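Novice: Quick one: structure below, then a few questions.
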Amino acid sequence: MSEVIKNKYDFVVLFDVENGNPNGDPDAGNMPRIDPESGYGLVTDVCLKRKIRNYIETIKEDEQGYQIYIKKNIPLNCSDERAYEYLKTDEKGVKALKKADPELDKKIRDFMCQNFFDIRTFGAVMTTFVKANLNCGQVRGPVQLGFARSVDPILPQEITITRVAITTESDAENKKSEMGRKYIIPYGLYRVEGYISANLARRVTGFSENDLELLWQAILNMFEHDHSAARGKMAVRKLIIFKHDSELGCAPAHKLFDLIKVTKKQGIEIPRAFSDYEIEIPLNLPDGVTCICRE
């Protein structure tokens with residue numbers, strides 16, 4: 001493992017969707033999430049972190065130290081039990097072991113952070129340890145994401161589709177096709193803001209420089225191995241990183257975010273491509289802050 005990060009980071013990700021549904025809302029028939037008051041589109045932080053986890057899992061393939069805690073078809077308590085196995089105990093014997101070892105909570109937390117990339121990065125709530133009254137069940141990760149919001153209001157469209165594959169034999173006697181529907185956004189550019197705390201990395205999870213570089217790689221490529229007909233064409237267009245010269249930061253994050261301007265080009269009323277926008281990246285930054293742009 002490389003050294004734990006020593007610098008605070010704030011970052012902005014710009015990604016877009018073309019003829020797809022970036023994040024369906026199960027409470028609204030799976031239509032794209034939208035702010036009903038303003039018409040701006042939304043994508044949840046949980047959705048984006050899922051893409052990042054999937055990318056890490058794809059390229060690392062359960063390599064030691066880069067396993068994924070929150071993954072499909074793997075109960076969380078099965079992963080939690082690995083810490084008990086490491087300490088040669090179980091859920092029944094852990095209370096007695098804790099009385100004999102005051103550092104037990106820290107050992108369990110460190111084991112989980114060292115083995116699972118997403119715990120080391122985003123943190124986790126590990127119910128198995130919470131139920132055992134261990135003070136390590138809730139780990140606050142150094143990397144946090146907000147909701148993504150579209151730069152302009154979106155207008156979801158309901159597309160009617162047909163299929164010739166009939167579900168049952170009885171249905172096939174009466175009809176030759178079935179109707180369906182799907183929601184799309186013709187085009188939408190989304191912006192999400194994130195934060196990386198070097199202080200939490202040092203004190204809690206051990207998020208390292210290697211982890212940081214892997215995170216940037218995952219963000220830039222989070223849609224590359226996640227394509228589907230429902231999501232259309234999605235791509236990360238820019239990753240704008242603010243690096244602070246200190247652990248606690250040299251300027252408030254919101255002031256740095258305000259420096260990035262995303263506006264429609266002159267004469268463009270309805271954007272239909274990333275090239276319809278102008279991205280203004282600041283040149284004059286507060287002392288101790290540098291800006292890195294990746295795409």
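Ordering of the structure tokens sets the chain letters (A, B, ...); residue numbers start at 1 within each chain; ligands are numbered from 1 in the order shown.
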If you count only C-alpha atoms, which residues fall within 7 Å of region 217-224 of chain A, apart from same-chain ones fewer than 5 positions away, as a VMD selection string?

Specialist: chain A and resid 51 to 52 55 to 56 234 to 236 295

Novice: What's the 8 Å shell around Leu155 (chain A), counting only C-alpha atoms, without same-chain residues fewer than 3 positions away, as a ChimeraX atom specification?

Specialist: /A:39,185-186

Novice: Got time to write the residues from that selection, all heavy atoms, as a compact mmCIF listing (two decimals), in the first residue's frame?

Specialist:
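Saved result, again-v2.txt, follows:
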# COMPACT_ATOMS: atom_id res chain seq x y z
N GLY A 39 -37.62 21.39 -12.86
CA GLY A 39 -37.46 20.64 -14.10
C GLY A 39 -36.04 20.16 -14.34
O GLY A 39 -35.77 19.55 -15.38
N ILE A 185 -34.11 10.71 -22.10
CA ILE A 185 -33.82 12.13 -22.19
C ILE A 185 -33.08 12.32 -23.51
O ILE A 185 -32.04 11.68 -23.72
CB ILE A 185 -32.92 12.59 -21.02
CG1 ILE A 185 -33.63 12.38 -19.69
CG2 ILE A 185 -32.53 14.06 -21.18
CD1 ILE A 185 -32.73 12.58 -18.50
N PRO A 186 -33.57 13.17 -24.42
CA PRO A 186 -32.85 13.36 -25.69
C PRO A 186 -31.40 13.78 -25.47
O PRO A 186 -30.49 13.27 -26.12
CB PRO A 186 -33.66 14.46 -26.39
CG PRO A 186 -35.03 14.33 -25.81
CD PRO A 186 -34.83 13.92 -24.39

Novice: Please extract the residues of region 56-245 of chain A with a backbone DSSP assignment of strand (DSSP E or B) and present them as a PyMOL selection string.

Specialist: chain A and resi 67+116+123-125+138-140+143-145+148-153+157-163+178-196+208+228+232-244

Novice: Could you pull out the alpha helix (DSSP H) residues of region 20-110 of chain A from DSSP and send them as an mmCIF file with all heavy atoms, in the first residue's frame?

Specialist:
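Generated output (part23.cif):
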data_model
loop_
_atom_site.group_PDB
_atom_site.id
_atom_site.type_symbol
_atom_site.label_atom_id
_atom_site.label_comp_id
_atom_site.auth_asym_id
_atom_site.auth_seq_id
_atom_site.Cartn_x
_atom_site.Cartn_y
_atom_site.Cartn_z
ATOM 1 N N ASP A 45 -26.326 10.058 -5.629
ATOM 2 C CA ASP A 45 -24.950 9.686 -5.301
ATOM 3 C C ASP A 45 -24.792 8.169 -5.263
ATOM 4 O O ASP A 45 -23.754 7.626 -5.647
ATOM 5 C CB ASP A 45 -24.558 10.290 -3.948
ATOM 6 C CG ASP A 45 -25.443 9.783 -2.812
ATOM 7 O OD1 ASP A 45 -26.683 9.796 -2.966
ATOM 8 O OD2 ASP A 45 -24.904 9.375 -1.765
ATOM 9 N N VAL A 46 -25.839 7.467 -4.815
ATOM 10 C CA VAL A 46 -25.788 6.008 -4.738
ATOM 11 C C VAL A 46 -25.597 5.406 -6.132
ATOM 12 O O VAL A 46 -24.826 4.455 -6.315
ATOM 13 C CB VAL A 46 -27.082 5.466 -4.090
ATOM 14 C CG1 VAL A 46 -27.120 3.948 -4.135
ATOM 15 C CG2 VAL A 46 -27.202 5.957 -2.657
ATOM 16 N N CYS A 47 -26.280 5.964 -7.117
ATOM 17 C CA CYS A 47 -26.144 5.492 -8.499
ATOM 18 C C CYS A 47 -24.709 5.649 -8.988
ATOM 19 O O CYS A 47 -24.135 4.728 -9.572
ATOM 20 C CB CYS A 47 -27.112 6.271 -9.393
ATOM 21 S SG CYS A 47 -26.937 5.939 -11.155
ATOM 22 N N LEU A 48 -24.110 6.805 -8.748
ATOM 23 C CA LEU A 48 -22.752 7.063 -9.233
ATOM 24 C C LEU A 48 -21.727 6.195 -8.503
ATOM 25 O O LEU A 48 -20.786 5.677 -9.117
ATOM 26 C CB LEU A 48 -22.419 8.543 -9.067
ATOM 27 C CG LEU A 48 -23.297 9.502 -9.884
ATOM 28 C CD1 LEU A 48 -22.960 10.949 -9.550
ATOM 29 C CD2 LEU A 48 -23.146 9.250 -11.369
ATOM 30 N N LYS A 49 -21.906 6.015 -7.206
ATOM 31 C CA LYS A 49 -20.974 5.162 -6.464
ATOM 32 C C LYS A 49 -21.070 3.704 -6.914
ATOM 33 O O LYS A 49 -20.076 2.970 -6.890
ATOM 34 C CB LYS A 49 -21.218 5.297 -4.961
ATOM 35 C CG LYS A 49 -20.724 6.628 -4.396
ATOM 36 C CD LYS A 49 -20.760 6.676 -2.879
ATOM 37 C CE LYS A 49 -22.141 6.884 -2.344
ATOM 38 N NZ LYS A 49 -22.143 7.137 -0.879
ATOM 39 N N ARG A 50 -22.269 3.290 -7.338
ATOM 40 C CA ARG A 50 -22.422 1.941 -7.876
ATOM 41 C C ARG A 50 -21.580 1.763 -9.127
ATOM 42 O O ARG A 50 -20.937 0.725 -9.331
ATOM 43 C CB ARG A 50 -23.886 1.686 -8.191
ATOM 44 C CG ARG A 50 -24.211 0.335 -8.801
ATOM 45 C CD ARG A 50 -24.174 -0.764 -7.760
ATOM 46 N NE ARG A 50 -22.865 -1.383 -7.604
ATOM 47 C CZ ARG A 50 -22.432 -1.961 -6.479
ATOM 48 N NH1 ARG A 50 -23.181 -1.988 -5.406
ATOM 49 N NH2 ARG A 50 -21.250 -2.511 -6.423
ATOM 50 N N LYS A 51 -21.559 2.786 -9.999
ATOM 51 C CA LYS A 51 -20.752 2.712 -11.222
ATOM 52 C C LYS A 51 -19.264 2.611 -10.880
ATOM 53 O O LYS A 51 -18.512 1.862 -11.517
ATOM 54 C CB LYS A 51 -20.971 3.942 -12.108
ATOM 55 C CG LYS A 51 -22.400 4.349 -12.337
ATOM 56 C CD LYS A 51 -23.213 3.312 -13.041
ATOM 57 C CE LYS A 51 -24.624 3.827 -13.313
ATOM 58 N NZ LYS A 51 -25.547 2.757 -13.726
ATOM 59 N N ILE A 52 -18.845 3.387 -9.889
ATOM 60 C CA ILE A 52 -17.440 3.364 -9.484
ATOM 61 C C ILE A 52 -17.075 1.997 -8.913
ATOM 62 O O ILE A 52 -16.033 1.418 -9.253
ATOM 63 C CB ILE A 52 -17.155 4.487 -8.471
ATOM 64 C CG1 ILE A 52 -17.318 5.854 -9.145
ATOM 65 C CG2 ILE A 52 -15.766 4.346 -7.860
ATOM 66 C CD1 ILE A 52 -17.279 7.030 -8.198
ATOM 67 N N ARG A 53 -17.938 1.471 -8.049
ATOM 68 C CA ARG A 53 -17.688 0.143 -7.488
ATOM 69 C C ARG A 53 -17.589 -0.912 -8.591
ATOM 70 O O ARG A 53 -16.701 -1.771 -8.569
ATOM 71 C CB ARG A 53 -18.810 -0.232 -6.512
ATOM 72 C CG ARG A 53 -18.772 0.501 -5.180
ATOM 73 C CD ARG A 53 -19.858 -0.051 -4.265
ATOM 74 N NE ARG A 53 -19.747 0.473 -2.924
ATOM 75 C CZ ARG A 53 -20.512 1.458 -2.426
ATOM 76 N NH1 ARG A 53 -21.427 2.030 -3.200
ATOM 77 N NH2 ARG A 53 -20.344 1.877 -1.187
ATOM 78 N N ASN A 54 -18.518 -0.846 -9.536
ATOM 79 C CA ASN A 54 -18.519 -1.841 -10.616
ATOM 80 C C ASN A 54 -17.235 -1.771 -11.435
ATOM 81 O O ASN A 54 -16.704 -2.806 -11.868
ATOM 82 C CB ASN A 54 -19.726 -1.626 -11.524
ATOM 83 C CG ASN A 54 -21.037 -2.039 -10.858
ATOM 84 O OD1 ASN A 54 -21.033 -2.693 -9.815
ATOM 85 N ND2 ASN A 54 -22.141 -1.660 -11.458
ATOM 86 N N TYR A 55 -16.734 -0.555 -11.677
ATOM 87 C CA TYR A 55 -15.501 -0.417 -12.455
ATOM 88 C C TYR A 55 -14.317 -1.026 -11.690
ATOM 89 O O TYR A 55 -13.507 -1.756 -12.270
ATOM 90 C CB TYR A 55 -15.231 1.058 -12.754
ATOM 91 C CG TYR A 55 -13.956 1.265 -13.547
ATOM 92 C CD1 TYR A 55 -13.936 1.106 -14.931
ATOM 93 C CD2 TYR A 55 -12.761 1.591 -12.906
ATOM 94 C CE1 TYR A 55 -12.761 1.265 -15.659
ATOM 95 C CE2 TYR A 55 -11.583 1.758 -13.625
ATOM 96 C CZ TYR A 55 -11.594 1.595 -14.999
ATOM 97 O OH TYR A 55 -10.426 1.747 -15.707
ATOM 98 N N ILE A 56 -14.223 -0.727 -10.398
ATOM 99 C CA ILE A 56 -13.136 -1.281 -9.582
ATOM 100 C C ILE A 56 -13.205 -2.803 -9.577
ATOM 101 O O ILE A 56 -12.188 -3.496 -9.736
ATOM 102 C CB ILE A 56 -13.195 -0.737 -8.147
ATOM 103 C CG1 ILE A 56 -13.049 0.790 -8.123
ATOM 104 C CG2 ILE A 56 -12.119 -1.398 -7.284
ATOM 105 C CD1 ILE A 56 -11.751 1.308 -8.666
ATOM 106 N N GLU A 57 -14.407 -3.331 -9.431
ATOM 107 C CA GLU A 57 -14.574 -4.780 -9.407
ATOM 108 C C GLU A 57 -14.180 -5.392 -10.753
ATOM 109 O O GLU A 57 -13.584 -6.473 -10.810
ATOM 110 C CB GLU A 57 -16.026 -5.131 -9.075
ATOM 111 C CG GLU A 57 -16.272 -6.615 -8.894
ATOM 112 C CD GLU A 57 -17.699 -6.920 -8.479
ATOM 113 O OE1 GLU A 57 -18.551 -6.006 -8.522
ATOM 114 O OE2 GLU A 57 -17.966 -8.084 -8.124
ATOM 115 N N THR A 58 -14.472 -4.691 -11.840
ATOM 116 C CA THR A 58 -14.160 -5.201 -13.174
ATOM 117 C C THR A 58 -12.661 -5.272 -13.418
ATOM 118 O O THR A 58 -12.143 -6.269 -13.930
ATOM 119 C CB THR A 58 -14.817 -4.315 -14.248
ATOM 120 O OG1 THR A 58 -16.242 -4.372 -14.103
ATOM 121 C CG2 THR A 58 -14.438 -4.777 -15.650
ATOM 122 N N ILE A 59 -11.930 -4.219 -13.048
ATOM 123 C CA ILE A 59 -10.501 -4.193 -13.377
ATOM 124 C C ILE A 59 -9.642 -4.906 -12.330
ATOM 125 O O ILE A 59 -8.542 -5.374 -12.654
ATOM 126 C CB ILE A 59 -10.003 -2.750 -13.587
ATOM 127 C CG1 ILE A 59 -10.085 -1.934 -12.292
ATOM 128 C CG2 ILE A 59 -10.770 -2.068 -14.695
ATOM 129 C CD1 ILE A 59 -9.362 -0.587 -12.394
ATOM 130 N N LYS A 60 -10.123 -4.988 -11.098
ATOM 131 C CA LYS A 60 -9.312 -5.620 -10.051
ATOM 132 C C LYS A 60 -9.668 -7.083 -9.817
ATOM 133 O O LYS A 60 -8.836 -7.849 -9.323
ATOM 134 C CB LYS A 60 -9.470 -4.838 -8.734
ATOM 135 C CG LYS A 60 -8.793 -3.479 -8.749
ATOM 136 C CD LYS A 60 -7.293 -3.598 -8.928
ATOM 137 C CE LYS A 60 -6.580 -2.268 -8.805
ATOM 138 N NZ LYS A 60 -5.115 -2.391 -8.983
ATOM 139 N N LEU A 76 -24.069 -8.752 3.332
ATOM 140 C CA LEU A 76 -23.052 -7.968 4.028
ATOM 141 C C LEU A 76 -22.470 -8.725 5.218
ATOM 142 O O LEU A 76 -21.277 -8.597 5.510
ATOM 143 C CB LEU A 76 -23.644 -6.637 4.486
ATOM 144 C CG LEU A 76 -24.154 -5.707 3.365
ATOM 145 C CD1 LEU A 76 -24.695 -4.416 3.965
ATOM 146 C CD2 LEU A 76 -23.046 -5.403 2.368
ATOM 147 N N ASN A 77 -23.299 -9.488 5.903
ATOM 148 C CA ASN A 77 -22.771 -10.171 7.086
ATOM 149 C C ASN A 77 -21.748 -11.243 6.719
ATOM 150 O O ASN A 77 -20.887 -11.602 7.527
ATOM 151 C CB ASN A 77 -23.905 -10.757 7.928
ATOM 152 C CG ASN A 77 -24.643 -11.888 7.221
ATOM 153 O OD1 ASN A 77 -24.629 -11.965 5.999
ATOM 154 N ND2 ASN A 77 -25.287 -12.748 7.998
ATOM 155 N N CYS A 78 -21.812 -11.757 5.478
ATOM 156 C CA CYS A 78 -20.793 -12.723 5.038
ATOM 157 C C CYS A 78 -19.420 -12.053 4.944
ATOM 158 O O CYS A 78 -18.403 -12.643 5.306
ATOM 159 C CB CYS A 78 -21.177 -13.314 3.687
ATOM 160 S SG CYS A 78 -22.627 -14.392 3.745
ATOM 161 N N SER A 79 -19.420 -10.806 4.459
ATOM 162 C CA SER A 79 -18.156 -10.061 4.396
ATOM 163 C C SER A 79 -17.692 -9.668 5.793
ATOM 164 O O SER A 79 -16.491 -9.682 6.087
ATOM 165 C CB SER A 79 -18.335 -8.816 3.529
ATOM 166 O OG SER A 79 -18.667 -9.168 2.191
ATOM 167 N N ASP A 80 -18.647 -9.312 6.663
ATOM 168 C CA ASP A 80 -18.293 -8.933 8.036
ATOM 169 C C ASP A 80 -17.626 -10.088 8.777
ATOM 170 O O ASP A 80 -16.688 -9.886 9.564
ATOM 171 C CB ASP A 80 -19.550 -8.498 8.810
ATOM 172 C CG ASP A 80 -20.166 -7.220 8.253
ATOM 173 O OD1 ASP A 80 -19.450 -6.479 7.541
ATOM 174 O OD2 ASP A 80 -21.342 -6.966 8.534
ATOM 175 N N GLU A 81 -18.096 -11.287 8.524
ATOM 176 C CA GLU A 81 -17.570 -12.452 9.242
ATOM 177 C C GLU A 81 -16.102 -12.715 8.928
ATOM 178 O O GLU A 81 -15.403 -13.383 9.703
ATOM 179 C CB GLU A 81 -18.411 -13.687 8.909
ATOM 180 C CG GLU A 81 -19.790 -13.650 9.570
ATOM 181 C CD GLU A 81 -20.690 -14.777 9.101
ATOM 182 O OE1 GLU A 81 -20.217 -15.591 8.260
ATOM 183 O OE2 GLU A 81 -21.834 -14.841 9.544
ATOM 184 N N ARG A 82 -15.615 -12.177 7.829
ATOM 185 C CA ARG A 82 -14.202 -12.359 7.508
ATOM 186 C C ARG A 82 -13.306 -11.695 8.546
ATOM 187 O O ARG A 82 -12.206 -12.176 8.837
ATOM 188 C CB ARG A 82 -13.908 -11.792 6.121
ATOM 189 C CG ARG A 82 -14.538 -12.590 4.991
ATOM 190 C CD ARG A 82 -14.201 -12.017 3.641
ATOM 191 N NE ARG A 82 -12.776 -11.829 3.471
ATOM 192 C CZ ARG A 82 -12.232 -11.153 2.473
ATOM 193 N NH1 ARG A 82 -12.997 -10.595 1.563
ATOM 194 N NH2 ARG A 82 -10.919 -11.031 2.377
ATOM 195 N N ALA A 83 -13.788 -10.592 9.122
ATOM 196 C CA ALA A 83 -13.012 -9.942 10.184
ATOM 197 C C ALA A 83 -12.961 -10.819 11.424
ATOM 198 O O ALA A 83 -11.926 -10.904 12.098
ATOM 199 C CB ALA A 83 -13.619 -8.581 10.515
ATOM 200 N N TYR A 84 -14.080 -11.478 11.731
ATOM 201 C CA TYR A 84 -14.095 -12.402 12.869
ATOM 202 C C TYR A 84 -13.141 -13.570 12.630
ATOM 203 O O TYR A 84 -12.425 -14.010 13.545
ATOM 204 C CB TYR A 84 -15.511 -12.934 13.103
ATOM 205 C CG TYR A 84 -16.476 -11.919 13.693
ATOM 206 C CD1 TYR A 84 -17.856 -12.059 13.522
ATOM 207 C CD2 TYR A 84 -16.019 -10.846 14.451
ATOM 208 C CE1 TYR A 84 -18.742 -11.157 14.077
ATOM 209 C CE2 TYR A 84 -16.897 -9.945 15.007
ATOM 210 C CZ TYR A 84 -18.259 -10.093 14.818
ATOM 211 O OH TYR A 84 -19.142 -9.188 15.380
ATOM 212 N N GLU A 85 -13.131 -14.081 11.399
ATOM 213 C CA GLU A 85 -12.236 -15.189 11.081
ATOM 214 C C GLU A 85 -10.781 -14.759 11.227
ATOM 215 O O GLU A 85 -9.938 -15.521 11.711
ATOM 216 C CB GLU A 85 -12.511 -15.671 9.652
ATOM 217 C CG GLU A 85 -13.870 -16.316 9.470
ATOM 218 C CD GLU A 85 -14.176 -16.612 8.020
ATOM 219 O OE1 GLU A 85 -13.296 -16.338 7.159
ATOM 220 O OE2 GLU A 85 -15.280 -17.107 7.729
ATOM 221 N N TYR A 86 -10.484 -13.543 10.816
ATOM 222 C CA TYR A 86 -9.125 -13.007 10.920
ATOM 223 C C TYR A 86 -8.688 -12.929 12.380
ATOM 224 O O TYR A 86 -7.521 -13.203 12.717
ATOM 225 C CB TYR A 86 -9.074 -11.630 10.266
ATOM 226 C CG TYR A 86 -7.796 -10.859 10.497
ATOM 227 C CD1 TYR A 86 -6.602 -11.213 9.851
ATOM 228 C CD2 TYR A 86 -7.777 -9.767 11.365
ATOM 229 C CE1 TYR A 86 -5.436 -10.510 10.069
ATOM 230 C CE2 TYR A 86 -6.611 -9.052 11.579
ATOM 231 C CZ TYR A 86 -5.447 -9.423 10.935
ATOM 232 O OH TYR A 86 -4.291 -8.720 11.167
ATOM 233 N N VAL A 94 -17.101 -12.464 20.502
ATOM 234 C CA VAL A 94 -16.444 -11.177 20.313
ATOM 235 C C VAL A 94 -16.546 -10.284 21.553
ATOM 236 O O VAL A 94 -15.648 -9.485 21.833
ATOM 237 C CB VAL A 94 -17.014 -10.464 19.062
ATOM 238 C CG1 VAL A 94 -18.440 -9.968 19.314
ATOM 239 C CG2 VAL A 94 -16.122 -9.316 18.642
ATOM 240 N N LYS A 95 -17.644 -10.403 22.300
ATOM 241 C CA LYS A 95 -17.796 -9.562 23.493
ATOM 242 C C LYS A 95 -16.739 -9.891 24.539
ATOM 243 O O LYS A 95 -16.161 -8.992 25.161
ATOM 244 C CB LYS A 95 -19.199 -9.722 24.072
ATOM 245 C CG LYS A 95 -20.304 -9.167 23.171
ATOM 246 C CD LYS A 95 -21.670 -9.279 23.820
ATOM 247 C CE LYS A 95 -22.754 -8.695 22.902
ATOM 248 N NZ LYS A 95 -24.090 -8.814 23.514
ATOM 249 N N ALA A 96 -16.488 -11.168 24.716
ATOM 250 C CA ALA A 96 -15.457 -11.571 25.672
ATOM 251 C C ALA A 96 -14.076 -11.141 25.182
ATOM 252 O O ALA A 96 -13.223 -10.705 25.973
ATOM 253 C CB ALA A 96 -15.508 -13.083 25.888
ATOM 254 N N LEU A 97 -13.875 -11.234 23.882
ATOM 255 C CA LEU A 97 -12.582 -10.846 23.322
ATOM 256 C C LEU A 97 -12.358 -9.347 23.465
ATOM 257 O O LEU A 97 -11.231 -8.895 23.702
ATOM 258 C CB LEU A 97 -12.515 -11.248 21.841
ATOM 259 C CG LEU A 97 -11.165 -11.063 21.146
ATOM 260 C CD1 LEU A 97 -10.102 -11.916 21.826
ATOM 261 C CD2 LEU A 97 -11.275 -11.425 19.666
ATOM 262 N N LYS A 98 -13.440 -8.580 23.364
ATOM 263 C CA LYS A 98 -13.314 -7.129 23.492
ATOM 264 C C LYS A 98 -12.881 -6.731 24.904
ATOM 265 O O LYS A 98 -12.111 -5.783 25.088
ATOM 266 C CB LYS A 98 -14.636 -6.451 23.130
ATOM 267 C CG LYS A 98 -14.553 -4.928 23.177
ATOM 268 C CD LYS A 98 -15.861 -4.268 22.784
ATOM 269 C CE LYS A 98 -15.737 -2.751 22.871
ATOM 270 N NZ LYS A 98 -16.997 -2.063 22.492
ATOM 271 N N LYS A 99 -13.362 -7.444 25.913
ATOM 272 C CA LYS A 99 -12.965 -7.143 27.291
ATOM 273 C C LYS A 99 -11.469 -7.372 27.492
ATOM 274 O O LYS A 99 -10.819 -6.642 28.250
ATOM 275 C CB LYS A 99 -13.763 -8.011 28.264
ATOM 276 C CG LYS A 99 -15.248 -7.660 28.317
ATOM 277 C CD LYS A 99 -15.981 -8.565 29.303
ATOM 278 C CE LYS A 99 -17.471 -8.224 29.352
ATOM 279 N NZ LYS A 99 -18.208 -9.115 30.295
ATOM 280 N N ALA A 100 -10.945 -8.362 26.782
ATOM 281 C CA ALA A 100 -9.521 -8.685 26.930
ATOM 282 C C ALA A 100 -8.639 -7.814 26.036
ATOM 283 O O ALA A 100 -7.445 -7.672 26.299
ATOM 284 C CB ALA A 100 -9.290 -10.166 26.610
ATOM 285 N N LEU A 104 -9.728 -3.953 20.040
ATOM 286 C CA LEU A 104 -10.439 -4.833 19.115
ATOM 287 C C LEU A 104 -11.233 -4.053 18.066
ATOM 288 O O LEU A 104 -11.218 -4.403 16.883
ATOM 289 C CB LEU A 104 -11.377 -5.759 19.887
ATOM 290 C CG LEU A 104 -12.161 -6.746 19.027
ATOM 291 C CD1 LEU A 104 -11.222 -7.755 18.387
ATOM 292 C CD2 LEU A 104 -13.237 -7.454 19.848
ATOM 293 N N ASP A 105 -11.933 -2.998 18.482
ATOM 294 C CA ASP A 105 -12.733 -2.207 17.540
ATOM 295 C C ASP A 105 -11.863 -1.679 16.400
ATOM 296 O O ASP A 105 -12.234 -1.767 15.228
ATOM 297 C CB ASP A 105 -13.394 -1.027 18.259
ATOM 298 C CG ASP A 105 -14.428 -1.474 19.286
ATOM 299 O OD1 ASP A 105 -15.282 -2.286 18.925
ATOM 300 O OD2 ASP A 105 -14.364 -1.015 20.434
ATOM 301 N N LYS A 106 -10.727 -1.134 16.756
ATOM 302 C CA LYS A 106 -9.827 -0.570 15.747
ATOM 303 C C LYS A 106 -9.277 -1.659 14.824
ATOM 304 O O LYS A 106 -9.147 -1.448 13.611
ATOM 305 C CB LYS A 106 -8.682 0.170 16.436
ATOM 306 C CG LYS A 106 -7.741 0.911 15.493
ATOM 307 C CD LYS A 106 -6.689 1.689 16.265
ATOM 308 C CE LYS A 106 -5.789 2.483 15.327
ATOM 309 N NZ LYS A 106 -5.031 1.616 14.408
ATOM 310 N N LYS A 107 -8.980 -2.817 15.364
ATOM 311 C CA LYS A 107 -8.449 -3.917 14.556
ATOM 312 C C LYS A 107 -9.477 -4.376 13.522
ATOM 313 O O LYS A 107 -9.129 -4.659 12.368
ATOM 314 C CB LYS A 107 -8.038 -5.088 15.454
ATOM 315 C CG LYS A 107 -6.798 -4.812 16.291
ATOM 316 C CD LYS A 107 -6.469 -5.997 17.183
ATOM 317 C CE LYS A 107 -5.232 -5.714 18.036
ATOM 318 N NZ LYS A 107 -4.932 -6.847 18.953
ATOM 319 N N ILE A 108 -10.742 -4.473 13.940
ATOM 320 C CA ILE A 108 -11.794 -4.884 13.005
ATOM 321 C C ILE A 108 -11.977 -3.828 11.917
ATOM 322 O O ILE A 108 -12.050 -4.138 10.731
ATOM 323 C CB ILE A 108 -13.119 -5.122 13.754
ATOM 324 C CG1 ILE A 108 -13.001 -6.348 14.672
ATOM 325 C CG2 ILE A 108 -14.270 -5.299 12.773
ATOM 326 C CD1 ILE A 108 -14.220 -6.610 15.519
ATOM 327 N N ARG A 109 -12.047 -2.568 12.344
ATOM 328 C CA ARG A 109 -12.209 -1.482 11.368
ATOM 329 C C ARG A 109 -11.056 -1.463 10.369
ATOM 330 O O ARG A 109 -11.260 -1.361 9.159
ATOM 331 C CB ARG A 109 -12.283 -0.139 12.094
ATOM 332 C CG ARG A 109 -12.527 1.051 11.175
ATOM 333 C CD ARG A 109 -12.137 2.346 11.855
ATOM 334 N NE ARG A 109 -10.683 2.451 12.015
ATOM 335 C CZ ARG A 109 -10.074 3.385 12.749
ATOM 336 N NH1 ARG A 109 -10.797 4.256 13.430
ATOM 337 N NH2 ARG A 109 -8.748 3.418 12.828
ATOM 338 N N ASP A 110 -9.833 -1.584 10.868
ATOM 339 C CA ASP A 110 -8.667 -1.544 9.991
ATOM 340 C C ASP A 110 -8.656 -2.727 9.029
ATOM 341 O O ASP A 110 -8.278 -2.589 7.856
ATOM 342 C CB ASP A 110 -7.375 -1.539 10.820
ATOM 343 C CG ASP A 110 -7.176 -0.224 11.556
ATOM 344 O OD1 ASP A 110 -7.901 0.742 11.250
ATOM 345 O OD2 ASP A 110 -6.301 -0.171 12.447
#

Novice: Check the smallest atom-to-atom distance from each of A:Glu247, A:Glu169, A:Glu91, A:Asp101 to Lys131 (chain A) using only C-alpha atoms, then report the winner.

Specialist: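 That would be A:Glu91, the residue with the smallest distance to Lys131 (chain A).
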
Novice: Report as a ChimeraX atom specification all protein, DNA and RNA residues lying within 8 Å of Leu14 (chain A), evaluated on only C-alpha atoms, omitting residues in the same chain fewer than 3 positions from it.

Specialist: /A:189-192,236-239

Novice: What does the distance from CA of Thr128 (chain A) to CA of Glu63 (chain A) come to in Å, to one decimal?

Specialist: 23.8 Å

Novice: Taking only C-alpha atoms into account, which of A:Asp10, A:Glu37, A:Glu173, A:Asp62 comes nearest Leu248 (chain A)?

Specialist: A:Asp10

Novice: Between CA of Glu178 (chain A) and CA of Glu158 (chain A), what distance in Å does the model show, to one decimal?

Specialist: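 CA of Glu158 (chain A) lies 16.4 Å from CA of Glu178 (chain A).
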